[in-house]
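Following: one structure in structure tokens, then a few remarks.
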Amino acid sequence: MSKEYHDVRVLMHRAFAVFLFVFLIFDVGRVYASLNLGIIAQQKENFQPNATRAEAEKLTKEGLQLFQQGTAESLVAARKKWEAALIKWRKLEDKKWQAIMLKGIGQIYSDLGEKQKALQFYDQALPLYRAVGDRSGEATILNNIGAVYSYLGEKHKALQYFNQALPLRRAVEDRVGEATTLNNIGADYSDLGEKQKALQFYDQALPLYRAVGDRYGEAATLNNIGRIYSDLGENQKALQFYNQALPLIRAVGNRYGEATTLNNVGMVYSDLGEKEKALQYYDQALPLFRAVGDRSREATTINNIGGVYLDLGEKQKALQFHNQALTLTRAVGDRRGEAAALRGIGGVYSDLGEKQKALQFYDQALPLYRAVGDRRGEAATLRGIGG
């Protein structure tokens with residue numbers, strides 16, 4: 001149901017970077033709902049036989065079935081079905097179904113790590129939802145646009161969208177949607193360093209998810225609270241929240257969320273100095289991220305593994321993993337991930353005593369951190385440059 005964005009942290013005294021994932025919730029479930037409810041509604045209406053409409057409905061349903069499978073291959077196949085359906089809905093001048101298709105296609109691009117492409121489709125869907133007066137759909141798109149901007153490091157811009165979505169959620173009495181947006185606002189405040197403010201939003205979201213029995217949303221929020229405590233150095237408390245989240249995620253069969261939580265647990269064990277245990281969790285997370293086709297998160301986990309190997313003194317192995325991460329982050333246009341991989345490589349060369357080579361990588365990382373507004377990553381890179 002959701003995707004998440006990440007935060008760069010300095011691990012112990014090292015100059016390399018690792019990522020700590022946070023659930024940033026996209027309204028994937030609302031794609032299901034929009035399609036299913038729309039299909040039912042259309043079946044009840046007495047449309048005149050129309051070959052174009054019949055083909056549009058067929059493509060839409062086939063895309064939904066593929067989308068629900070949740071694999072990288074099925075998502076690509078679903079996107080193709082919905083792209084074909086979109087052409088039909090446009091021919092029929094059906095704004096509501098155009099919006100639904102655009103939202104679904106945008107979600108798929110986001111799920112596959114292509115965030116800029118996702119934005120293009122969300123930006124097309126938003127005026128259509130407004131044109132047909134669908135406030136729930138409008139809120140969903142605003143939330144998802146905010147989530148993409150947050151992922152891209154534009155936290156203040158993300159908050160603008162989340163704060164537009166929140167009153168719409170409340171106006172239509174959508175408690176799950178309200179909880180989702182509250183959770184996302186909390187995540188942004190956390191990234192902006194306002195940890196207590198973040199906790200206030202998470203504390204509002206958690207009972208809403210529990211009230212409606214949304215175990216995934218509950219798990220996401222527990223995960224985010226764990227992240228706050230990890231950032232505050234309260235690692236045992238962080239583990240308590242992550243360990244509450246993990247069985248909930250597994251119960252709903254969401255591999256993406258499971259991978260994210262496993263990655264977070266690995267981060268805590270790494271911070272606690274239990275490097276081998278950290279590797280066990282990263283090694284569980286990595287194939288799950290690959291299975292869902294998220295190369296950006298795959299790269300993050302690979303980068304984390306590289307960081308652990310550097311701490312274990314296996315410098316060449318660390319370099320291999322950081323270089324793998326760098327290739328992947330560049331392939332998907334993840335500038336923050338690219339910066340972290342570059343900083344990781346710089347850290348390895350620094351430990352090898354190759355200071356000039358280390359500086360070359362730090363100098364590449366620094367403008368990327370500045371571009372995405374990551375002050376902690378920037379500060380850590382400056383420390384690396386300072387030696």
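Letters for chains follow the order of the structure tokens (A, B, ...), residue numbers begin at 1 for each chain, and ligand numbers begin at 1 in the order shown.
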Within segment 113-274 of chain A, find each residue whose DSSP state, derived from the backbone, is helix (DSSP H, G or I), and express the selection as a PDB file with C-alpha atoms, in the first residue's frame.
ATOM      1  CA  LYS A 115       9.667   9.525  -9.302  1.00  0.00           C
ATOM      2  CA  GLN A 116       9.894  12.296 -11.888  1.00  0.00           C
ATOM      3  CA  LYS A 117       7.770  10.279 -14.280  1.00  0.00           C
ATOM      4  CA  ALA A 118       5.293   9.645 -11.475  1.00  0.00           C
ATOM      5  CA  LEU A 119       4.993  13.407 -10.963  1.00  0.00           C
ATOM      6  CA  GLN A 120       4.166  13.938 -14.611  1.00  0.00           C
ATOM      7  CA  PHE A 121       1.144  11.651 -14.334  1.00  0.00           C
ATOM      8  CA  TYR A 122       0.005  12.950 -10.936  1.00  0.00           C
ATOM      9  CA  ASP A 123       0.176  16.510 -12.266  1.00  0.00           C
ATOM     10  CA  GLN A 124      -2.134  15.523 -15.118  1.00  0.00           C
ATOM     11  CA  ALA A 125      -4.555  13.742 -12.780  1.00  0.00           C
ATOM     12  CA  LEU A 126      -4.956  16.590 -10.276  1.00  0.00           C
ATOM     13  CA  PRO A 127      -6.934  19.074 -12.434  1.00  0.00           C
ATOM     14  CA  LEU A 128      -9.146  16.245 -13.676  1.00  0.00           C
ATOM     15  CA  TYR A 129     -10.126  15.247 -10.138  1.00  0.00           C
ATOM     16  CA  ARG A 130     -10.857  18.885  -9.381  1.00  0.00           C
ATOM     17  CA  ALA A 131     -12.885  19.240 -12.576  1.00  0.00           C
ATOM     18  CA  ARG A 135     -12.288  15.680  -3.277  1.00  0.00           C
ATOM     19  CA  SER A 136     -11.155  12.248  -2.148  1.00  0.00           C
ATOM     20  CA  GLY A 137      -9.283  11.675  -5.400  1.00  0.00           C
ATOM     21  CA  GLU A 138      -7.856  15.189  -5.220  1.00  0.00           C
ATOM     22  CA  ALA A 139      -6.580  14.530  -1.695  1.00  0.00           C
ATOM     23  CA  THR A 140      -4.968  11.282  -2.794  1.00  0.00           C
ATOM     24  CA  ILE A 141      -3.100  12.971  -5.629  1.00  0.00           C
ATOM     25  CA  LEU A 142      -1.994  15.842  -3.392  1.00  0.00           C
ATOM     26  CA  ASN A 143      -0.706  13.297  -0.876  1.00  0.00           C
ATOM     27  CA  ASN A 144       1.157  11.347  -3.537  1.00  0.00           C
ATOM     28  CA  ILE A 145       2.714  14.450  -5.077  1.00  0.00           C
ATOM     29  CA  GLY A 146       3.850  15.455  -1.604  1.00  0.00           C
ATOM     30  CA  ALA A 147       5.332  11.995  -1.083  1.00  0.00           C
ATOM     31  CA  VAL A 148       7.347  12.253  -4.295  1.00  0.00           C
ATOM     32  CA  TYR A 149       8.703  15.683  -3.393  1.00  0.00           C
ATOM     33  CA  SER A 150       9.604  14.399   0.036  1.00  0.00           C
ATOM     34  CA  TYR A 151      11.434  11.465  -1.513  1.00  0.00           C
ATOM     35  CA  LYS A 155      10.606  18.682   2.258  1.00  0.00           C
ATOM     36  CA  HIS A 156       9.022  22.118   2.451  1.00  0.00           C
ATOM     37  CA  LYS A 157       7.395  21.677  -0.936  1.00  0.00           C
ATOM     38  CA  ALA A 158       6.138  18.267   0.189  1.00  0.00           C
ATOM     39  CA  LEU A 159       4.591  19.801   3.300  1.00  0.00           C
ATOM     40  CA  GLN A 160       2.683  22.285   1.142  1.00  0.00           C
ATOM     41  CA  TYR A 161       0.983  19.408  -0.648  1.00  0.00           C
ATOM     42  CA  PHE A 162       0.350  17.395   2.509  1.00  0.00           C
ATOM     43  CA  ASN A 163      -1.210  20.425   4.172  1.00  0.00           C
ATOM     44  CA  GLN A 164      -3.550  20.821   1.214  1.00  0.00           C
ATOM     45  CA  ALA A 165      -4.512  17.156   1.401  1.00  0.00           C
ATOM     46  CA  LEU A 166      -5.198  17.018   5.151  1.00  0.00           C
ATOM     47  CA  PRO A 167      -8.330  19.250   5.327  1.00  0.00           C
ATOM     48  CA  LEU A 168      -9.768  17.452   2.301  1.00  0.00           C
ATOM     49  CA  ARG A 169      -9.286  14.121   4.061  1.00  0.00           C
ATOM     50  CA  ARG A 170     -11.094  15.443   7.089  1.00  0.00           C
ATOM     51  CA  ALA A 171     -13.857  17.044   5.022  1.00  0.00           C
ATOM     52  CA  ARG A 175      -9.851   8.437   8.538  1.00  0.00           C
ATOM     53  CA  VAL A 176      -7.369   6.223   6.728  1.00  0.00           C
ATOM     54  CA  GLY A 177      -6.491   9.054   4.365  1.00  0.00           C
ATOM     55  CA  GLU A 178      -6.199  11.459   7.273  1.00  0.00           C
ATOM     56  CA  ALA A 179      -3.877   9.061   9.088  1.00  0.00           C
ATOM     57  CA  THR A 180      -1.801   8.618   5.931  1.00  0.00           C
ATOM     58  CA  THR A 181      -1.259  12.335   5.507  1.00  0.00           C
ATOM     59  CA  LEU A 182      -0.587  12.851   9.215  1.00  0.00           C
ATOM     60  CA  ASN A 183       2.025  10.118   8.996  1.00  0.00           C
ATOM     61  CA  ASN A 184       3.659  11.765   6.001  1.00  0.00           C
ATOM     62  CA  ILE A 185       3.733  15.189   7.649  1.00  0.00           C
ATOM     63  CA  GLY A 186       5.398  13.585  10.652  1.00  0.00           C
ATOM     64  CA  ALA A 187       8.015  11.994   8.416  1.00  0.00           C
ATOM     65  CA  ASP A 188       8.874  15.332   6.850  1.00  0.00           C
ATOM     66  CA  TYR A 189       9.190  17.080  10.190  1.00  0.00           C
ATOM     67  CA  SER A 190      11.458  14.281  11.302  1.00  0.00           C
ATOM     68  CA  ASP A 191      13.690  14.836   8.285  1.00  0.00           C
ATOM     69  CA  LYS A 195      11.628  15.166  16.096  1.00  0.00           C
ATOM     70  CA  GLN A 196       9.134  16.045  18.805  1.00  0.00           C
ATOM     71  CA  LYS A 197       6.819  17.677  16.269  1.00  0.00           C
ATOM     72  CA  ALA A 198       7.095  14.566  14.141  1.00  0.00           C
ATOM     73  CA  LEU A 199       6.072  12.403  17.089  1.00  0.00           C
ATOM     74  CA  GLN A 200       2.981  14.561  17.603  1.00  0.00           C
ATOM     75  CA  PHE A 201       1.785  13.761  14.076  1.00  0.00           C
ATOM     76  CA  TYR A 202       2.619  10.066  14.390  1.00  0.00           C
ATOM     77  CA  ASP A 203       0.727   9.945  17.673  1.00  0.00           C
ATOM     78  CA  GLN A 204      -2.338  11.307  15.881  1.00  0.00           C
ATOM     79  CA  ALA A 205      -2.004   8.826  13.008  1.00  0.00           C
ATOM     80  CA  LEU A 206      -1.488   5.635  15.008  1.00  0.00           C
ATOM     81  CA  PRO A 207      -4.908   5.434  16.740  1.00  0.00           C
ATOM     82  CA  LEU A 208      -6.666   6.258  13.460  1.00  0.00           C
ATOM     83  CA  TYR A 209      -5.044   3.295  11.748  1.00  0.00           C
ATOM     84  CA  ARG A 210      -5.851   1.035  14.670  1.00  0.00           C
ATOM     85  CA  ALA A 211      -9.466   2.227  14.765  1.00  0.00           C
ATOM     86  CA  VAL A 212     -10.049   1.165  11.166  1.00  0.00           C
ATOM     87  CA  ARG A 215      -2.424  -3.044   9.911  1.00  0.00           C
ATOM     88  CA  TYR A 216      -0.156  -1.763   7.177  1.00  0.00           C
ATOM     89  CA  GLY A 217      -0.691   1.862   8.152  1.00  0.00           C
ATOM     90  CA  GLU A 218      -0.205   0.925  11.792  1.00  0.00           C
ATOM     91  CA  ALA A 219       3.043  -0.834  10.933  1.00  0.00           C
ATOM     92  CA  ALA A 220       4.236   2.125   8.871  1.00  0.00           C
ATOM     93  CA  THR A 221       3.652   4.499  11.748  1.00  0.00           C
ATOM     94  CA  LEU A 222       5.316   2.174  14.256  1.00  0.00           C
ATOM     95  CA  ASN A 223       8.254   2.018  11.884  1.00  0.00           C
ATOM     96  CA  ASN A 224       8.435   5.802  11.690  1.00  0.00           C
ATOM     97  CA  ILE A 225       8.283   6.159  15.465  1.00  0.00           C
ATOM     98  CA  GLY A 226      11.113   3.648  15.686  1.00  0.00           C
ATOM     99  CA  ARG A 227      13.066   5.794  13.297  1.00  0.00           C
ATOM    100  CA  ILE A 228      12.648   8.824  15.560  1.00  0.00           C
ATOM    101  CA  TYR A 229      14.040   6.920  18.530  1.00  0.00           C
ATOM    102  CA  SER A 230      16.901   5.615  16.399  1.00  0.00           C
ATOM    103  CA  ASP A 231      17.741   9.190  15.399  1.00  0.00           C
ATOM    104  CA  ASN A 235      18.315   2.175  19.892  1.00  0.00           C
ATOM    105  CA  GLN A 236      16.612  -0.311  22.188  1.00  0.00           C
ATOM    106  CA  LYS A 237      13.409   1.711  22.088  1.00  0.00           C
ATOM    107  CA  ALA A 238      13.703   1.889  18.302  1.00  0.00           C
ATOM    108  CA  LEU A 239      13.984  -1.899  18.156  1.00  0.00           C
ATOM    109  CA  GLN A 240      10.812  -2.260  20.209  1.00  0.00           C
ATOM    110  CA  PHE A 241       8.823  -0.297  17.630  1.00  0.00           C
ATOM    111  CA  TYR A 242      10.425  -2.013  14.637  1.00  0.00           C
ATOM    112  CA  ASN A 243       9.723  -5.405  16.186  1.00  0.00           C
ATOM    113  CA  GLN A 244       6.076  -4.438  16.608  1.00  0.00           C
ATOM    114  CA  ALA A 245       5.932  -3.365  12.966  1.00  0.00           C
ATOM    115  CA  LEU A 246       7.570  -6.424  11.401  1.00  0.00           C
ATOM    116  CA  PRO A 247       4.897  -9.081  12.176  1.00  0.00           C
ATOM    117  CA  LEU A 248       2.142  -6.688  11.090  1.00  0.00           C
ATOM    118  CA  ILE A 249       3.875  -6.131   7.766  1.00  0.00           C
ATOM    119  CA  ARG A 250       4.396  -9.844   7.245  1.00  0.00           C
ATOM    120  CA  ALA A 251       0.772 -10.556   8.149  1.00  0.00           C
ATOM    121  CA  ARG A 255       7.198  -7.377   0.781  1.00  0.00           C
ATOM    122  CA  TYR A 256       8.170  -3.762   0.317  1.00  0.00           C
ATOM    123  CA  GLY A 257       7.259  -2.856   3.868  1.00  0.00           C
ATOM    124  CA  GLU A 258       8.896  -5.993   5.193  1.00  0.00           C
ATOM    125  CA  ALA A 259      12.121  -5.130   3.375  1.00  0.00           C
ATOM    126  CA  THR A 260      12.050  -1.601   4.727  1.00  0.00           C
ATOM    127  CA  THR A 261      11.569  -2.741   8.312  1.00  0.00           C
ATOM    128  CA  LEU A 262      14.298  -5.367   7.981  1.00  0.00           C
ATOM    129  CA  ASN A 263      16.607  -2.638   6.686  1.00  0.00           C
ATOM    130  CA  ASN A 264      15.757  -0.442   9.662  1.00  0.00           C
ATOM    131  CA  VAL A 265      16.435  -3.239  12.139  1.00  0.00           C
ATOM    132  CA  GLY A 266      19.757  -3.820  10.405  1.00  0.00           C
ATOM    133  CA  MET A 267      20.581  -0.150  10.865  1.00  0.00           C
ATOM    134  CA  VAL A 268      19.961  -0.343  14.586  1.00  0.00           C
ATOM    135  CA  TYR A 269      22.109  -3.434  15.021  1.00  0.00           C
ATOM    136  CA  SER A 270      24.848  -1.730  13.030  1.00  0.00           C
ATOM    137  CA  ASP A 271      24.624   1.282  15.337  1.00  0.00           C
TER     138      ASP A 271
END
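The shell of residues at most 8 Å from segment 110-113 of chain A, with only C-alpha atoms counted and near chain neighbours (fewer than 6 positions) removed, consists of Lys3, Ala72, Val148, Val292, Gly293, Asp294, Arg295, Ser296 and Val332 of chain A.
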Pairwise distance for atom CA of Ile302 of chain A and atom CA of Gln324 of chain A, rounded to one decimal in Å: 7.2 Å
Contacts of Glu298 of chain A at 10 Å (only C-alpha atoms; same-chain gap of 5+ positions) as a ChimeraX atom specification: /A:259,285-293,303-304,324-325,328-329
Å distance separating atom CA of Gln364 of chain A from atom CA of Asp334 of chain A, one decimal place: 14.1 Å
Residues within 9 Å of segment 370-373 of chain A, only C-alpha atoms, excluding chain neighbours under 4 positions, as number ranges by chain: A: 152-155, 335-336, 365-366, 377-378
Atomic distance atom CA of Lys61 of chain A - atom CA of Glu114 of chain A, expressed in Å with one decimal: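 Atom CA of Glu114 of chain A lies at a distance of 23.7 Å from atom CA of Lys61 of chain A.
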Wanna dump the segment 79-151 of chain A-segment 49-60 of chain A contacts at 8 Å for me, each residue with its shortest atom pair and the distance in Å to one decimal, counting only C-alpha atoms, ordered by chain and number, as CSV?
residue,atom,partner,partner_atom,distance
A:Lys81,CA,A:Leu59,CA,5.4
A:Trp82,CA,A:Thr60,CA,5.9
A:Ala84,CA,A:Leu59,CA,7.1
A:Ala85,CA,A:Ala56,CA,4.8
A:Leu86,CA,A:Ala56,CA,7.6
A:Lys88,CA,A:Ala56,CA,5.4
A:Trp89,CA,A:Ala56,CA,6.4
A:Leu92,CA,A:Arg53,CA,7.3
A:Met101,CA,A:Thr60,CA,8.0
Residue nearest Gln360 of chain A among A:Ala341, A:Ala380, A:Ile385, A:Ala331 (counting only C-alpha atoms): A:Ile385
Option closest in space to Gly133 of chain A, from A:Arg383, A:Gly344, A:Ala77, A:Lys96 [counting only C-alpha atoms]: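 Using only C-alpha atoms, the shortest distance to Gly133 of chain A belongs to A:Lys96.
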For Gly306 of chain A: contacts at 7 Å, only C-alpha atoms, fewer than 4 positions along chain excluded, given as a ChimeraX atom specification: /A:302,310,318-319,321-322
Residues of the last selection are to be written out with N, CA, C and O atoms, as a compact mmCIF listing (two decimals), in the first residue's frame.
# COMPACT_ATOMS: atom_id res chain seq x y z
N ILE A 302 22.36 -2.11 -0.51
CA ILE A 302 23.72 -2.47 -0.93
C ILE A 302 24.72 -1.50 -0.31
O ILE A 302 25.79 -1.89 0.16
N LEU A 310 32.98 -2.02 5.69
CA LEU A 310 34.05 -1.09 6.03
C LEU A 310 34.31 -1.12 7.53
O LEU A 310 35.46 -1.12 7.98
N ALA A 318 33.90 -3.56 0.85
CA ALA A 318 33.08 -2.36 1.04
C ALA A 318 33.04 -1.54 -0.25
O ALA A 318 31.97 -1.07 -0.66
N LEU A 319 34.18 -1.41 -0.88
CA LEU A 319 34.27 -0.62 -2.11
C LEU A 319 33.40 -1.23 -3.22
O LEU A 319 32.72 -0.50 -3.96
N PHE A 321 30.64 -2.96 -2.87
CA PHE A 321 29.22 -2.70 -2.61
C PHE A 321 28.86 -1.23 -2.85
O PHE A 321 27.81 -0.92 -3.43
N HIS A 322 29.72 -0.31 -2.42
CA HIS A 322 29.43 1.11 -2.65
C HIS A 322 29.40 1.43 -4.15
O HIS A 322 28.57 2.23 -4.60
